[in-house]
Structures are given as structure tokens and as C-alpha cells.
Amino acid sequence: MPQPDRSAPPSLRLGLVGAGGIGEVHADAARRAGWSLEVVCDADRSRAEALAERHGGRVVADLDALLDEEGVDAVAIATPNATHRPLAEAALAAGRHVLLEKPAGMNAAECDRLAEAEASSGRILQIGLVCRHTPVAAEVARIVESGRLGTVYQARANLHRRRGIPGLGGWFTDKSMSGGGPLIDLGVHVIDLVLHVLAQPRVLRASGVTYATFGRDIGSYVHQEMWGGPPRPGGVFDVEDHASALLRLEGGATFEMNVAWAANLVDGAVRDGIVLLGDRAGLFFEPLGNSVRIATEEDGRLLDVQPVLETEDGGQAAWRRQYETFAAAIRGEGPRVAPVGECRRTQAAIDAIYRSAEAGCEVEVDA
Ligand SMILES: NC(=O)c1ccc[n+]([C@@H]2O[C@H](COP(=O)([O-])OP(=O)(O)OC[C@H]3O[C@@H](n4cnc5c(N)ncnc54)[C@H](O)[C@@H]3O)[C@@H](O)[C@H]2O)c1
């Protein structure tokens with residue numbers, strides 16, 4: 001079991017592995033949360049050097065060299081999905097706390113191995129499910145817990161991009177490196193968030209369908225901007241670019257989800273975000289937003305309610321809080337957030353959706 005680190009210095013010291021798109025966001029968030037960035041590495045050294053120039057920190061060759069450095073309390077891992085488990089296991093074995101980007105692993109079996117590695121290390125492994133850390137996620141969890149929605153019988157989540165396949169032809173669209181397309185990339189956020197605000201119900205069965213439509217012909221992919229670099233003609237695209245699913249949760253509730261990296265969807269035709277439908281009230285919020293709208297009734301009339309929340313940008317607040325909660329958990333001053341055991345539940349649902357899509361029928365989740 002992880003033990004509080006009473007000897008941790010006032011400003012925790014971070015080693016960052018992976019200086020790509022999200023590594024940059026980690027460096028900025030850690031600083032805003034009062035951490036100091038000590039060491040950075042990336043398989044592409046020039047990326048680590050560029051990041052260190054902007055945010056500070058010594059550049060080393062790789063994780064082994066980073067773990068040899070004195071004065072690193074925790075390691076943030078922001079590398080392609082297939083590298084998550086081995087890098088996190090090495091950092092835990094070397095006695096470092098770990099903030100591991102989502103998805104925790106390529107599948108539920110990898111989550112189990114990470115849980116074992118964490119248990120034998122006595123260190124903290126937090127998964128980078130940043131959407132849990134918004135003020136609105138906390139508010140929604142409170143509303144659900146208060147019983148104000150009554151029985152929640154359905155959740156819905158939509159996340160669509162018109163053209164947003166990340167790094168088409170690179171590691172994101174190579175199943176051996178990513179584990180899948182938008183289901184494991186975006187779906188992991190919304191499945192985790194819904195299960196989190198509903199207090200972790202078990203996911204019993206999954207019915208899923210996946211499509212691979214827009215990424216197949218890399219050379220003719222039409223887009224305006226792109227996360228993860230420009231299309232790489234001649235690269236690999238063997239993942240889905242759209243996934244839809246219906247999950248059956250314990251207690252009879254259902255969870256309907258659509259996630260797409262690319263879709264010919266008219267702007268505004270489908271509102272992205274999360275809906276919870278309860279028999280006393282329902283609500284809508286955006287995963288990195290800062291507001292929640294509640295539809296209910298009072299005194300025989302329909303009523304819309306919008307609680308006043310913090311005005312800080314939801315995404316900015318979430319990234320800072322992710323590092324604040326990680327620090328508090330390390331010091332034993334706050335609860336553990338996004339432990340790998342909970343993330344395994346999401347990963348098992350993702351595994352089942354892929355199995356269902358392949359089999360063409362509903363399947364059991366290995367919960
Ligand atoms: N939390 C979020 O909202 C969010 C958003 C985007 C990406 N991510 C996750 O972050 C991770 C990285 O995504 P990205 O968009 O930054 O990708 P990226 O391709 O921009 O960056 C990945 C970096 O890792 C480096 N790298 C690869 N293998 C390495 C290794 N073994 N050791 C050191 N460096 C290595 C690459 O050279 C690259 O610079 C992925 O797991 C992704 O799912 C999370």
C-alpha cells in the first residue's frame with residue numbers, strides 16, 4: 001500500500017518523460033501547481049531541449065538516466081500509450097511516485113499489472129484523467145450523491161470532431177502503439193468521468209460498433225489543423241476513427257456514448273458533453289467546461305437551474321488541480337484520485353466495446 005511521503009519537500013520535484021504535445025501542458029500545469037520541473041527526457045532529444053528551454057529542467061537521455069538523477073520525487077509519463085506500462089513500472093520500481101497519462105494501459109490486463117507494480121512499490125500511481133479535476137466534475141458528483149437527480153437511469157456522452165484524427169499515420173493511428181482510435185483516446189475520458197460522477201458503478205455488458213472511414217486514405221485526408229503533427233503518407237492507420245456504444249451498468253442504468261475523431265457532422269447538430277437523466281432531475285455539462293445546467297421541476301412547474309461555479313477556465317483549473325491532488329496524495333494530505341484500480345473499470349469497458357464491435361453482438365465486461 002502507498003505510504004504518505006512525510007519527507008517530501010515543500011515544492012515537489014518532477015521528472016517529465018515525453019516532451020510532445022501534452023508534455024508541454026504537464027510542464028506548465030506542474031509549475032502552476034507549485035512543482036519544480038527538474039529533469040526532462042524524450043526519445044527525440046531536441047523536443048526535450050526545446051521544452052527545457054521554455055520551462056526549465058535538465059535534459060537527460062532516457063528514463064533510466066532520469067531515474068539516476070537525485071532529487072526527483074515523482075515522474076510524469078506523457079508518451080505513446082504502448083510505453084505507459086513499462087515506463088510506469090520502471091519508475092515505481094525505482095521508488096518514484098508516478099502521474100501516468102491516460103489511458104493507464106493498452107487493456108485491462110495491463111492495468112492489473114500496473115496495480116501490482118504500485119502495490120509492491122509503496123508509491124502512488126495516479127492516472128492522468130484530467131477531466132475528473134474540474135470544479136464542475138466535483139459539483140456533478142455532489143449533485144448525484146445528494147440524490148437531487150433521483151435515480152439516474154441513463155448517461156449519455158458525445159465527443160465529436162469534424163476532422164481531428166491526431167497525427168494521422170503516426171503512433172496515434174497505429175494500433176500496436178495506441179491500442180485503438182478515439183475510443184481509447186477520447187472515450188477513456190468520458191467513460192471514466194461518467195463512472196466517476198456516478199460513484200463507480202460496475203459495467204456489466206457492452207454493445208459497440210466502430211468505423212474506420214476518414215483515415216484510411218492518409219494522402220487524401222482533408223483537414224484544417226492537426227494535433228500530433230501533419231499526416232504521414234505511407235504511415236499506419238489500422239484503428240477506428242469513430243466508436244459508438246451502449247453500456248449496461250449495475251442497477252439497470254445505461255450509458256450511451258459516441259466518440260469520433262472525424263465525422264461529417266453539421267456544426268451544432270449534436271451538442272458535445274455529458275448528459276445524466278434522472279427521474280427527479282437531469283443535467284448537462286462539458287468535460288472541461290465550468291458550468292452545469294440542471295433540468296428539474298418544482299411546485300408543479302418545469303425549472304432550469306444553473307449553479308454559480310468558479311469562473312476559472314475549466315481546463316486550466318483541471319490541469320493545475322491534477323498536480324495539486326497528486327501532491328496532496330503523495331504527502332498523505334488528501335485522497336487518492338484516479339487510482340489505477342478505478343481506471344481498470346473504464347479500460348475493461350473499452351476492451352469489451354472493441355470485442356463487441358468485432359463480434360457484432362453484446363458482450364460481457366470483464367469487470
Ligand atoms: N490528458 C489529455 O487530455 C491528453 C491529451 C493528449 C494526449 N494525451 C496522452 O498523452 C500521451 C502523449 O500524447 P501526445 O499528444 O503528447 O503525443 P506526442 O506524439 O505529441 O508526444 C509523445 C512524445 O513521447 C516521446 N516518446 C516516445 N517514446 C518515448 C520513450 N520511450 N521515452 C521518452 N519519450 C518517448 C516522443 O518522442 C514524443 O515527443 C498519450 O498517451 C496520449 O493519450 C492526453
# chains A, B, ... in the order shown; residues from 1 in each chain; ligands from 1
$ residues_near_ligand --ligand "ligand 1" --cutoff "7 Å" --atoms "only C-alpha atoms and all ligand atoms" --output "list of chain:residue names"
A:Val17, A:Gly18, A:Ala19, A:Gly20, A:Gly21, A:Ile22, A:Gly23, A:Cys41, A:Asp42, A:Ala43, A:Asp44, A:Arg47, A:Asp62, A:Leu63, A:Ala78, A:Thr79, A:Pro80, A:Asn81, A:Thr83, A:Glu101, A:Lys102, A:Pro103, A:Gly128, A:Leu129, A:Val130, A:Asp185, A:Trp227, A:Gly228
$ closest_atom_pairs --of "stretch 220-332 of chain A" --to "stretch 172-181 of chain A" --cutoff "10 Å" --atoms "only C-alpha atoms" --output "CSV"
residue,atom,partner,partner_atom,distance
A:Gly228,CA,A:Phe172,CA,8.1
A:Gly235,CA,A:Asp174,CA,8.3
A:Val236,CA,A:Asp174,CA,5.4
A:Phe237,CA,A:Thr173,CA,4.8
A:Asp238,CA,A:Asp174,CA,5.8
A:Val239,CA,A:Gly181,CA,5.1
A:Glu240,CA,A:Gly181,CA,5.0
A:Asp241,CA,A:Gly181,CA,5.7
A:His242,CA,A:Gly181,CA,7.6
A:Ala243,CA,A:Gly181,CA,8.4
A:Val259,CA,A:Gly181,CA,9.5
A:Ala260,CA,A:Gly181,CA,8.7
A:Trp261,CA,A:Gly181,CA,7.9
$ select_by_dssp --residues "stretch 63-139 of chain A" --states "alpha helix (DSSP H)" --output "VMD selection string"
chain A and resid 63 to 68 84 to 93 108 to 121 135 to 139
$ residues_around --residues "A:Cys131" --least-positions-apart "5" --cutoff "12 Å" --atoms "only C-alpha atoms" --output "VMD selection string"
chain A and resid 102 136 to 138 186 to 194 196 to 197 273 to 274 285 to 290 314 to 322 337 to 338
$ atom_distance --atom1 "atom CA of A:Asp64" --atom2 "atom CA of A:Gln347"
28.0 Å
$ atom_distance --atom1 "atom CA of A:Val59" --atom2 "atom CA of A:Asp28"
16.6 Å
$ closest_residue --among "A:Leu16, A:Leu265, A:Pro4, A:Ala27" --to "A:Leu67" --atoms "only C-alpha atoms"
A:Leu16
$ select_by_dssp --residues "stretch 50-293 of chain A" --states "strand (DSSP E or B)" --output "PDB file with C-alpha atoms, in the first residue's frame"
ATOM      1  CA  ARG A  58      17.978  19.349 -17.022  1.00  0.00           C
ATOM      2  CA  VAL A  59      17.780  17.219 -20.164  1.00  0.00           C
ATOM      3  CA  ALA A  74       7.744  11.938  -8.976  1.00  0.00           C
ATOM      4  CA  VAL A  75       7.743  11.138 -12.659  1.00  0.00           C
ATOM      5  CA  ALA A  76       5.094  12.264 -15.159  1.00  0.00           C
ATOM      6  CA  ILE A  77       4.802   9.980 -18.168  1.00  0.00           C
ATOM      7  CA  HIS A  97       5.572   8.372  -7.492  1.00  0.00           C
ATOM      8  CA  VAL A  98       4.048   8.380 -10.968  1.00  0.00           C
ATOM      9  CA  LEU A  99       1.498  10.518 -12.787  1.00  0.00           C
ATOM     10  CA  LEU A 100       0.743   8.415 -15.856  1.00  0.00           C
ATOM     11  CA  GLU A 101      -1.107   9.863 -18.830  1.00  0.00           C
ATOM     12  CA  LEU A 125       0.358   5.869  -9.172  1.00  0.00           C
ATOM     13  CA  GLN A 126      -2.197   8.428 -10.351  1.00  0.00           C
ATOM     14  CA  ILE A 127      -3.677   8.202 -13.832  1.00  0.00           C
ATOM     15  CA  GLY A 128      -3.884  11.433 -15.823  1.00  0.00           C
ATOM     16  CA  VAL A 152     -30.113   8.116 -12.711  1.00  0.00           C
ATOM     17  CA  TYR A 153     -31.360   5.737 -15.382  1.00  0.00           C
ATOM     18  CA  GLN A 154     -29.267   6.903 -18.332  1.00  0.00           C
ATOM     19  CA  ALA A 155     -25.992   8.693 -19.061  1.00  0.00           C
ATOM     20  CA  ARG A 156     -25.004   9.947 -22.500  1.00  0.00           C
ATOM     21  CA  ALA A 157     -21.652  11.217 -23.722  1.00  0.00           C
ATOM     22  CA  ASN A 158     -20.796  12.732 -27.078  1.00  0.00           C
ATOM     23  CA  LEU A 159     -17.391  13.920 -28.258  1.00  0.00           C
ATOM     24  CA  HIS A 160     -17.122  14.586 -31.983  1.00  0.00           C
ATOM     25  CA  ARG A 163     -11.695  16.423 -38.724  1.00  0.00           C
ATOM     26  CA  GLY A 169      -0.215   7.790 -39.936  1.00  0.00           C
ATOM     27  CA  VAL A 203     -20.165  -2.000 -16.061  1.00  0.00           C
ATOM     28  CA  LEU A 204     -21.825  -5.312 -16.852  1.00  0.00           C
ATOM     29  CA  ARG A 205     -22.296  -5.571 -20.618  1.00  0.00           C
ATOM     30  CA  ALA A 206     -21.277  -3.650 -23.719  1.00  0.00           C
ATOM     31  CA  SER A 207     -22.597  -3.331 -27.226  1.00  0.00           C
ATOM     32  CA  GLY A 208     -20.278  -1.422 -29.522  1.00  0.00           C
ATOM     33  CA  VAL A 209     -19.647  -0.523 -33.114  1.00  0.00           C
ATOM     34  CA  THR A 210     -16.583   1.078 -34.648  1.00  0.00           C
ATOM     35  CA  TYR A 211     -15.991   2.688 -38.043  1.00  0.00           C
ATOM     36  CA  VAL A 236      -0.134   3.228 -40.470  1.00  0.00           C
ATOM     37  CA  HIS A 242     -15.499   6.641 -34.753  1.00  0.00           C
ATOM     38  CA  ALA A 243     -16.949   4.452 -31.979  1.00  0.00           C
ATOM     39  CA  SER A 244     -20.462   4.178 -30.551  1.00  0.00           C
ATOM     40  CA  ALA A 245     -21.518   2.055 -27.609  1.00  0.00           C
ATOM     41  CA  LEU A 246     -24.258   1.178 -25.203  1.00  0.00           C
ATOM     42  CA  LEU A 247     -23.068   0.039 -21.769  1.00  0.00           C
ATOM     43  CA  ARG A 248     -25.325  -1.645 -19.218  1.00  0.00           C
ATOM     44  CA  LEU A 249     -24.443  -0.654 -15.657  1.00  0.00           C
ATOM     45  CA  THR A 254     -27.466   2.519 -19.331  1.00  0.00           C
ATOM     46  CA  PHE A 255     -24.682   4.646 -20.767  1.00  0.00           C
ATOM     47  CA  GLU A 256     -24.756   5.643 -24.419  1.00  0.00           C
ATOM     48  CA  MET A 257     -21.590   7.027 -25.965  1.00  0.00           C
ATOM     49  CA  ASN A 258     -20.398   8.385 -29.310  1.00  0.00           C
ATOM     50  CA  VAL A 259     -16.802   9.479 -29.872  1.00  0.00           C
ATOM     51  CA  ALA A 260     -15.350  10.442 -33.232  1.00  0.00           C
ATOM     52  CA  ALA A 262     -13.748  12.634 -37.706  1.00  0.00           C
ATOM     53  CA  GLY A 273     -20.796  16.867 -23.498  1.00  0.00           C
ATOM     54  CA  ILE A 274     -22.310  14.620 -20.880  1.00  0.00           C
ATOM     55  CA  VAL A 275     -25.981  14.191 -20.019  1.00  0.00           C
ATOM     56  CA  LEU A 276     -27.303  12.447 -16.911  1.00  0.00           C
ATOM     57  CA  LEU A 277     -31.020  11.629 -16.890  1.00  0.00           C
ATOM     58  CA  GLY A 278     -32.619  11.011 -13.503  1.00  0.00           C
ATOM     59  CA  GLY A 282     -31.296  15.698 -15.312  1.00  0.00           C
ATOM     60  CA  LEU A 283     -28.161  17.661 -16.102  1.00  0.00           C
ATOM     61  CA  PHE A 284     -25.698  18.578 -18.834  1.00  0.00           C
ATOM     62  CA  PHE A 285     -22.042  19.562 -18.586  1.00  0.00           C
ATOM     63  CA  VAL A 292     -23.646  22.579 -15.235  1.00  0.00           C
ATOM     64  CA  ARG A 293     -27.293  23.007 -16.225  1.00  0.00           C
TER      65      ARG A 293
END
$ residues_around --residues "A:Gly57" --least-positions-apart "6" --cutoff "6 Å" --atoms "only C-alpha atoms" --output "ChimeraX atom specification"
/A:37-39
$ atom_distance --atom1 "atom CA of A:Asp279" --atom2 "atom CA of A:Val308"
23.4 Å
$ closest_residue --among "A:Arg216, A:Arg31, A:Arg113, A:Arg132" --to "A:Arg13" --atoms "only C-alpha atoms"
A:Arg31
$ closest_residue --among "A:Leu309, A:Ala30, A:Gly164, A:Leu198" --to "A:Arg142" --atoms "only C-alpha atoms"
A:Leu198
